[in-house]
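Engineer: Just start_12.pdb, nothing more (PDB, C-alpha atoms, pLDDT in the B column):
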```pdb
ATOM      1  CA  GLU A   1      -9.629 -13.721 -11.894  1.00 79.00           C
ATOM      2  CA  PRO A   2      -6.128 -14.038 -13.350  1.00 90.00           C
ATOM      3  CA  LEU A   3      -4.405 -12.920 -10.142  1.00 91.00           C
ATOM      4  CA  LEU A   4      -6.176 -15.552  -8.053  1.00 92.00           C
ATOM      5  CA  LYS A   5      -5.259 -18.153 -10.675  1.00 94.00           C
ATOM      6  CA  GLY A   6      -1.656 -16.942 -10.492  1.00 93.00           C
ATOM      7  CA  TYR A   7      -1.782 -17.368  -6.729  1.00 94.00           C
ATOM      8  CA  GLN A   8      -3.115 -20.926  -7.062  1.00 94.00           C
ATOM      9  CA  VAL A   9      -0.546 -21.884  -9.693  1.00 94.00           C
ATOM     10  CA  GLY A  10       2.251 -20.398  -7.589  1.00 93.00           C
ATOM     11  CA  LEU A  11       1.197 -22.533  -4.624  1.00 94.00           C
ATOM     12  CA  GLU A  12       0.902 -25.636  -6.815  1.00 95.00           C
ATOM     13  CA  ILE A  13       4.454 -25.308  -8.136  1.00 95.00           C
ATOM     14  CA  GLY A  14       5.871 -24.314  -4.748  1.00 93.00           C
ATOM     15  CA  ASP A  15       6.637 -20.673  -5.560  1.00 93.00           C
ATOM     16  CA  ASN A  16       5.076 -19.075  -2.491  1.00 93.00           C
ATOM     17  CA  GLU A  17       6.758 -15.722  -3.107  1.00 91.00           C
ATOM     18  CA  LYS A  18       5.233 -15.252  -6.563  1.00 92.00           C
ATOM     19  CA  ALA A  19       1.920 -16.680  -5.349  1.00 93.00           C
ATOM     20  CA  CYS A  20       1.778 -14.049  -2.615  1.00 92.00           C
ATOM     21  CA  TYR A  21       2.890 -11.359  -5.038  1.00 91.00           C
ATOM     22  CA  CYS A  22      -0.266 -12.150  -7.022  1.00 92.00           C
ATOM     23  CA  LEU A  23      -2.296 -11.588  -3.839  1.00 93.00           C
ATOM     24  CA  VAL A  24      -0.558  -8.247  -3.293  1.00 91.00           C
ATOM     25  CA  ALA A  25      -1.350  -7.165  -6.855  1.00 90.00           C
ATOM     26  CA  ARG A  26      -4.965  -8.284  -6.433  1.00 91.00           C
ATOM     27  CA  SER A  27      -5.319  -6.395  -3.159  1.00 91.00           C
ATOM     28  CA  TYR A  28      -4.038  -3.123  -4.595  1.00 86.00           C
ATOM     29  CA  THR A  29      -6.153  -3.610  -7.718  1.00 88.00           C
ATOM     30  CA  LEU A  30      -9.293  -4.002  -5.590  1.00 88.00           C
ATOM     31  CA  PHE A  31      -8.425  -0.794  -3.756  1.00 81.00           C
ATOM     32  CA  PHE A  32      -7.786   1.243  -6.891  1.00 80.00           C
ATOM     33  CA  ILE A  33     -10.844   0.008  -8.815  1.00 83.00           C
ATOM     34  CA  GLY A  34     -13.104   1.188  -6.008  1.00 80.00           C
ATOM     35  CA  ARG A  35     -14.423  -1.991  -4.435  1.00 86.00           C
ATOM     36  CA  SER A  36     -16.173  -1.349  -1.103  1.00 89.00           C
ATOM     37  CA  LEU A  37     -13.718  -0.671   1.700  1.00 87.00           C
ATOM     38  CA  ASP A  38     -15.468  -3.105   4.038  1.00 90.00           C
ATOM     39  CA  SER A  39     -15.104  -6.037   1.638  1.00 92.00           C
ATOM     40  CA  ILE A  40     -11.480  -5.120   0.902  1.00 91.00           C
ATOM     41  CA  GLN A  41     -10.721  -4.978   4.626  1.00 91.00           C
ATOM     42  CA  GLN A  42     -12.100  -8.493   5.130  1.00 93.00           C
ATOM     43  CA  GLU A  43     -10.053  -9.808   2.230  1.00 93.00           C
ATOM     44  CA  LEU A  44      -6.880  -8.056   3.413  1.00 93.00           C
ATOM     45  CA  GLU A  45      -7.208  -9.508   6.900  1.00 92.00           C
ATOM     46  CA  ALA A  46      -7.574 -13.002   5.424  1.00 94.00           C
ATOM     47  CA  THR A  47      -4.624 -12.385   3.088  1.00 94.00           C
ATOM     48  CA  ILE A  48      -2.420 -11.346   6.019  1.00 91.00           C
ATOM     49  CA  GLN A  49      -3.200 -14.648   7.760  1.00 93.00           C
ATOM     50  CA  VAL A  50      -2.273 -16.607   4.616  1.00 93.00           C
ATOM     51  CA  MET A  51       0.984 -14.713   4.193  1.00 91.00           C
ATOM     52  CA  THR A  52       1.847 -15.247   7.853  1.00 90.00           C
ATOM     53  CA  GLN A  53       1.377 -19.001   7.415  1.00 93.00           C
ATOM     54  CA  LEU A  54       3.507 -18.966   4.250  1.00 92.00           C
ATOM     55  CA  LYS A  55       6.197 -16.827   5.963  1.00 89.00           C
ATOM     56  CA  GLN A  56       6.023 -14.129   3.289  1.00 88.00           C
ATOM     57  CA  ASP A  57       6.901 -11.144   5.459  1.00 83.00           C
ATOM     58  CA  GLU A  58       7.798  -8.624   2.750  1.00 82.00           C
ATOM     59  CA  ASN A  59       4.607  -9.277   0.803  1.00 86.00           C
ATOM     60  CA  LYS A  60       2.650  -9.262   4.070  1.00 87.00           C
ATOM     61  CA  MET A  61       3.987  -5.801   4.921  1.00 83.00           C
ATOM     62  CA  LYS A  62       2.667  -4.484   1.603  1.00 84.00           C
ATOM     63  CA  ILE A  63      -0.780  -5.770   2.572  1.00 88.00           C
ATOM     64  CA  VAL A  64      -0.449  -4.347   6.098  1.00 84.00           C
ATOM     65  CA  ILE A  65       0.314  -0.940   4.591  1.00 80.00           C
ATOM     66  CA  LEU A  66      -2.806  -1.129   2.443  1.00 84.00           C
ATOM     67  CA  LEU A  67      -4.908  -2.331   5.400  1.00 86.00           C
ATOM     68  CA  VAL A  68      -3.659   0.513   7.590  1.00 82.00           C
ATOM     69  CA  THR A  69      -4.450   3.029   4.838  1.00 80.00           C
ATOM     70  CA  LEU A  70      -7.890   1.516   4.376  1.00 83.00           C
ATOM     71  CA  LYS A  71      -8.605   1.697   8.109  1.00 83.00           C
ATOM     72  CA  LYS A  72      -7.540   5.323   8.125  1.00 79.00           C
ATOM     73  CA  LEU A  73      -9.900   6.063   5.232  1.00 79.00           C
ATOM     74  CA  ARG A  74     -12.706   4.366   7.159  1.00 80.00           C
ATOM     75  CA  GLY A  75     -11.856   6.273  10.370  1.00 79.00           C
ATOM     76  CA  ILE A  76     -10.939   3.092  12.251  1.00 78.00           C
ATOM     77  CA  ASP A  77      -8.079   3.523  14.736  1.00 69.00           C
ATOM     78  CA  ALA A  78      -6.400   6.241  12.682  1.00 60.00           C
ATOM     79  CA  GLU A  79      -3.869   7.169  15.371  1.00 64.00           C
ATOM     80  CA  ALA A  80      -2.598   3.599  15.740  1.00 56.00           C
ATOM     81  CA  CYS A  81      -2.393   3.418  11.956  1.00 58.00           C
ATOM     82  CA  ASP A  82      -0.150   6.490  11.849  1.00 60.00           C
ATOM     83  CA  LYS A  83       2.194   4.982  14.438  1.00 62.00           C
ATOM     84  CA  MET A  84       2.470   1.742  12.481  1.00 59.00           C
ATOM     85  CA  LEU A  85       3.135   3.528   9.200  1.00 59.00           C
ATOM     86  CA  ASP A  86       5.682   5.864  10.786  1.00 61.00           C
ATOM     87  CA  SER A  87       7.579   2.894  12.239  1.00 58.00           C
ATOM     88  CA  ILE A  88       8.088   1.584   8.697  1.00 56.00           C
ATOM     89  CA  LEU A  89       9.456   4.941   7.579  1.00 56.00           C
ATOM     90  CA  VAL A  90      12.640   4.783   9.652  1.00 56.00           C
ATOM     91  CA  GLU A  91      14.611   4.204   6.431  1.00 54.00           C
ATOM     92  CA  PRO A  92      12.945   6.546   3.888  1.00 51.00           C
ATOM     93  CA  ARG A  93      14.483   4.972   0.767  1.00 53.00           C
ATOM     94  CA  ASN A  94      13.386   1.346   1.211  1.00 61.00           C
ATOM     95  CA  ASN A  95      10.620  -0.159  -0.886  1.00 65.00           C
ATOM     96  CA  LEU A  96       8.204  -0.534   2.028  1.00 66.00           C
ATOM     97  CA  ALA A  97       8.672   3.132   2.945  1.00 71.00           C
ATOM     98  CA  VAL A  98       7.882   4.021  -0.663  1.00 72.00           C
ATOM     99  CA  PHE A  99       4.641   2.016  -0.513  1.00 70.00           C
ATOM    100  CA  VAL A 100       3.709   3.689   2.784  1.00 73.00           C
ATOM    101  CA  ASN A 101       4.336   7.138   1.330  1.00 76.00           C
ATOM    102  CA  ILE A 102       2.346   6.347  -1.812  1.00 75.00           C
ATOM    103  CA  MET A 103      -0.642   5.208   0.244  1.00 74.00           C
ATOM    104  CA  LYS A 104      -0.381   8.217   2.576  1.00 79.00           C
ATOM    105  CA  LEU A 105      -0.274  10.437  -0.491  1.00 77.00           C
ATOM    106  CA  GLU A 106      -3.397   8.724  -1.870  1.00 75.00           C
ATOM    107  CA  VAL A 107      -5.241   9.510   1.386  1.00 78.00           C
ATOM    108  CA  PHE A 108      -4.064  13.143   1.392  1.00 81.00           C
ATOM    109  CA  VAL A 109      -5.108  13.603  -2.247  1.00 77.00           C
ATOM    110  CA  CYS A 110      -8.454  11.878  -1.649  1.00 73.00           C
ATOM    111  CA  TYR A 111      -9.242  14.267   1.197  1.00 76.00           C
ATOM    112  CA  GLN A 112      -7.664  17.238  -0.619  1.00 81.00           C
ATOM    113  CA  GLU A 113      -5.167  17.765   2.190  1.00 83.00           C
ATOM    114  CA  TRP A 114      -2.718  19.538  -0.099  1.00 84.00           C
ATOM    115  CA  ARG A 115      -0.414  20.954   2.592  1.00 87.00           C
ATOM    116  CA  ASP A 116       0.053  17.507   4.116  1.00 87.00           C
ATOM    117  CA  ALA A 117       0.655  16.039   0.663  1.00 83.00           C
ATOM    118  CA  ILE A 118       3.299  18.642  -0.158  1.00 83.00           C
ATOM    119  CA  ASP A 119       4.946  18.162   3.257  1.00 87.00           C
ATOM    120  CA  LEU A 120       5.052  14.415   2.624  1.00 82.00           C
ATOM    121  CA  VAL A 121       6.728  14.945  -0.747  1.00 79.00           C
ATOM    122  CA  ARG A 122       9.323  17.231   0.841  1.00 82.00           C
ATOM    123  CA  LYS A 123      10.039  14.755   3.612  1.00 81.00           C
ATOM    124  CA  ALA A 124      10.100  11.605   1.465  1.00 75.00           C
ATOM    125  CA  GLY A 125      12.056  12.953  -1.473  1.00 68.00           C
ATOM    126  CA  SER A 126      11.926  11.378  -4.895  1.00 63.00           C
ATOM    127  CA  ILE A 127      10.499   7.887  -5.277  1.00 62.00           C
ATOM    128  CA  ARG A 128      10.562   7.814  -9.068  1.00 59.00           C
ATOM    129  CA  LEU A 129      13.747   5.777  -9.275  1.00 53.00           C
ATOM    130  CA  LEU A 130      12.282   3.019  -7.101  1.00 55.00           C
ATOM    131  CA  LEU A 131       8.808   2.805  -8.625  1.00 52.00           C
ATOM    132  CA  PRO A 132       8.727   4.485 -12.031  1.00 48.00           C
ATOM    133  CA  CYS A 133       5.452   2.830 -13.158  1.00 51.00           C
ATOM    134  CA  VAL A 134       3.267   3.363 -10.114  1.00 55.00           C
ATOM    135  CA  PRO A 135       0.497   5.939 -10.612  1.00 60.00           C
ATOM    136  CA  GLY A 136       1.319   7.401  -7.197  1.00 57.00           C
ATOM    137  CA  SER A 137       4.736   8.436  -8.472  1.00 59.00           C
ATOM    138  CA  VAL A 138       2.954  10.740 -10.920  1.00 64.00           C
ATOM    139  CA  ARG A 139       1.327  12.471  -7.946  1.00 63.00           C
ATOM    140  CA  TYR A 140       4.763  12.851  -6.371  1.00 65.00           C
ATOM    141  CA  THR A 141       6.124  14.436  -9.520  1.00 67.00           C
ATOM    142  CA  PHE A 142       3.192  16.854  -9.697  1.00 68.00           C
ATOM    143  CA  LEU A 143       3.325  17.786  -6.015  1.00 69.00           C
ATOM    144  CA  GLU A 144       7.111  17.996  -6.082  1.00 68.00           C
ATOM    145  CA  ALA A 145       6.764  20.788  -8.634  1.00 71.00           C
ATOM    146  CA  LEU A 146       4.648  22.702  -6.108  1.00 70.00           C
ATOM    147  CA  THR A 147       7.309  22.555  -3.388  1.00 66.00           C
TER     148      THR A 147
END
```
Mind converting the file's structure to structure tokens?
Structural biologist:
Amino acid sequence: EPLLKGYQVGLEIGDNEKACYCLVARSYTLFFIGRSLDSIQQELEATIQVMTQLKQDENKMKIVILLVTLKKLRGIDAEACDKMLDSILVEPRNNLAVFVNIMKLEVFVCYQEWRDAIDLVRKAGSIRLLLPCVPGSVRYTFLEALT
């Protein structure tokens, strides 16, 4: 896969940040293409260990957000997941908060929890300026029109 090759090349040339960014992109790609949640969870847990060793905290948090969302989808420790995600949302306009809100929105849309999705959009405000190309921002725009 190109993203794994990008990770390997990044490590070889000493660019750990870009190497880990490739792992983040791969992780989200696996989630959105519909790979089994169990296999994604195993890969995410391994990726978090790698990013911890490489001291890539910002990239690691993006993986943690995806792992928490995945666990919630699987019904594993959903309450603890909510607490972890909410702790990231202290500053609603930072990039990590945007990722958290996008993943929460994905869960709400998946389970057709429209009221919760609309409440999230009201609370989070616009994310389009931060992430104009993310498919989740399209959901925000659509749901924002319903508020």
Engineer: Rounded to one decimal place, report the CA of Gln8 in chain A-CA of Gln53 in chain A distance in Å.
Structural biologist: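 Between CA of Gln8 in chain A and CA of Gln53 in chain A the gap is 15.3 Å.
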Engineer: Residue by residue, what does the PyMOL selection byres ((chain A and resi 73) around 12) grab here? Present the result as a ChimeraX atom specification.
Structural biologist: /A:31,36-38,41,66-72,74-79,81-82,103-104,106-111
Engineer: Store the residues of this selection in a file with C-alpha atoms, as a PDB file, keeping the file's coordinate frame.
Structural biologist:
```pdb
ATOM      1  CA  PHE A  31      -8.425  -0.794  -3.756  1.00 81.00           C
ATOM      2  CA  SER A  36     -16.173  -1.349  -1.103  1.00 89.00           C
ATOM      3  CA  LEU A  37     -13.718  -0.671   1.700  1.00 87.00           C
ATOM      4  CA  ASP A  38     -15.468  -3.105   4.038  1.00 90.00           C
ATOM      5  CA  GLN A  41     -10.721  -4.978   4.626  1.00 91.00           C
ATOM      6  CA  LEU A  66      -2.806  -1.129   2.443  1.00 84.00           C
ATOM      7  CA  LEU A  67      -4.908  -2.331   5.400  1.00 86.00           C
ATOM      8  CA  VAL A  68      -3.659   0.513   7.590  1.00 82.00           C
ATOM      9  CA  THR A  69      -4.450   3.029   4.838  1.00 80.00           C
ATOM     10  CA  LEU A  70      -7.890   1.516   4.376  1.00 83.00           C
ATOM     11  CA  LYS A  71      -8.605   1.697   8.109  1.00 83.00           C
ATOM     12  CA  LYS A  72      -7.540   5.323   8.125  1.00 79.00           C
ATOM     13  CA  ARG A  74     -12.706   4.366   7.159  1.00 80.00           C
ATOM     14  CA  GLY A  75     -11.856   6.273  10.370  1.00 79.00           C
ATOM     15  CA  ILE A  76     -10.939   3.092  12.251  1.00 78.00           C
ATOM     16  CA  ASP A  77      -8.079   3.523  14.736  1.00 69.00           C
ATOM     17  CA  ALA A  78      -6.400   6.241  12.682  1.00 60.00           C
ATOM     18  CA  GLU A  79      -3.869   7.169  15.371  1.00 64.00           C
ATOM     19  CA  CYS A  81      -2.393   3.418  11.956  1.00 58.00           C
ATOM     20  CA  ASP A  82      -0.150   6.490  11.849  1.00 60.00           C
ATOM     21  CA  MET A 103      -0.642   5.208   0.244  1.00 74.00           C
ATOM     22  CA  LYS A 104      -0.381   8.217   2.576  1.00 79.00           C
ATOM     23  CA  GLU A 106      -3.397   8.724  -1.870  1.00 75.00           C
ATOM     24  CA  VAL A 107      -5.241   9.510   1.386  1.00 78.00           C
ATOM     25  CA  PHE A 108      -4.064  13.143   1.392  1.00 81.00           C
ATOM     26  CA  VAL A 109      -5.108  13.603  -2.247  1.00 77.00           C
ATOM     27  CA  CYS A 110      -8.454  11.878  -1.649  1.00 73.00           C
ATOM     28  CA  TYR A 111      -9.242  14.267   1.197  1.00 76.00           C
TER      29      TYR A 111
END
```
Engineer: Starting from the PyMOL selection byres ((chain A and resi 25) around 12), expand the selection into actual residues of this file and give them as a PyMOL selection string.
Structural biologist: chain A and resi 1-4+6-7+18-24+26-32+44+47+59-60+62-63+66+134
Engineer: So how far away is CA of Ile33 in chain A from CA of Asp116 in chain A, in Å?
Structural biologist: 24.3 Å
Engineer: Any chance you could work out the axis-aligned box around range 107-126 of chain A, listed atoms only, 5 Å on each side, giving centre and edge lengths in Å to one decimal, as AutoDock Vina command-line options?
Structural biologist:
```
--center_x 1.4 --center_y 15.2 --center_z -0.4 --size_x 31.3 --size_y 21.4 --size_z 19.0
```
Engineer: By how many Å are CA of Ala46 in chain A and CA of Ala97 in chain A apart?
Structural biologist: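 Atom-to-atom, CA of Ala46 in chain A to CA of Ala97 in chain A, that is 23.0 Å.
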Engineer: Could you tell me which of A:Lys123, A:Lys55, A:Arg115, A:Arg35 comes closest to Asn16 in chain A if we count only C-alpha atoms?
Structural biologist: A:Lys55
Engineer: So which one's closest to Trp114 in chain A, A:Leu146, A:Val98, A:Glu43, A:Val9? Using only C-alpha atoms, please.
Structural biologist: A:Leu146
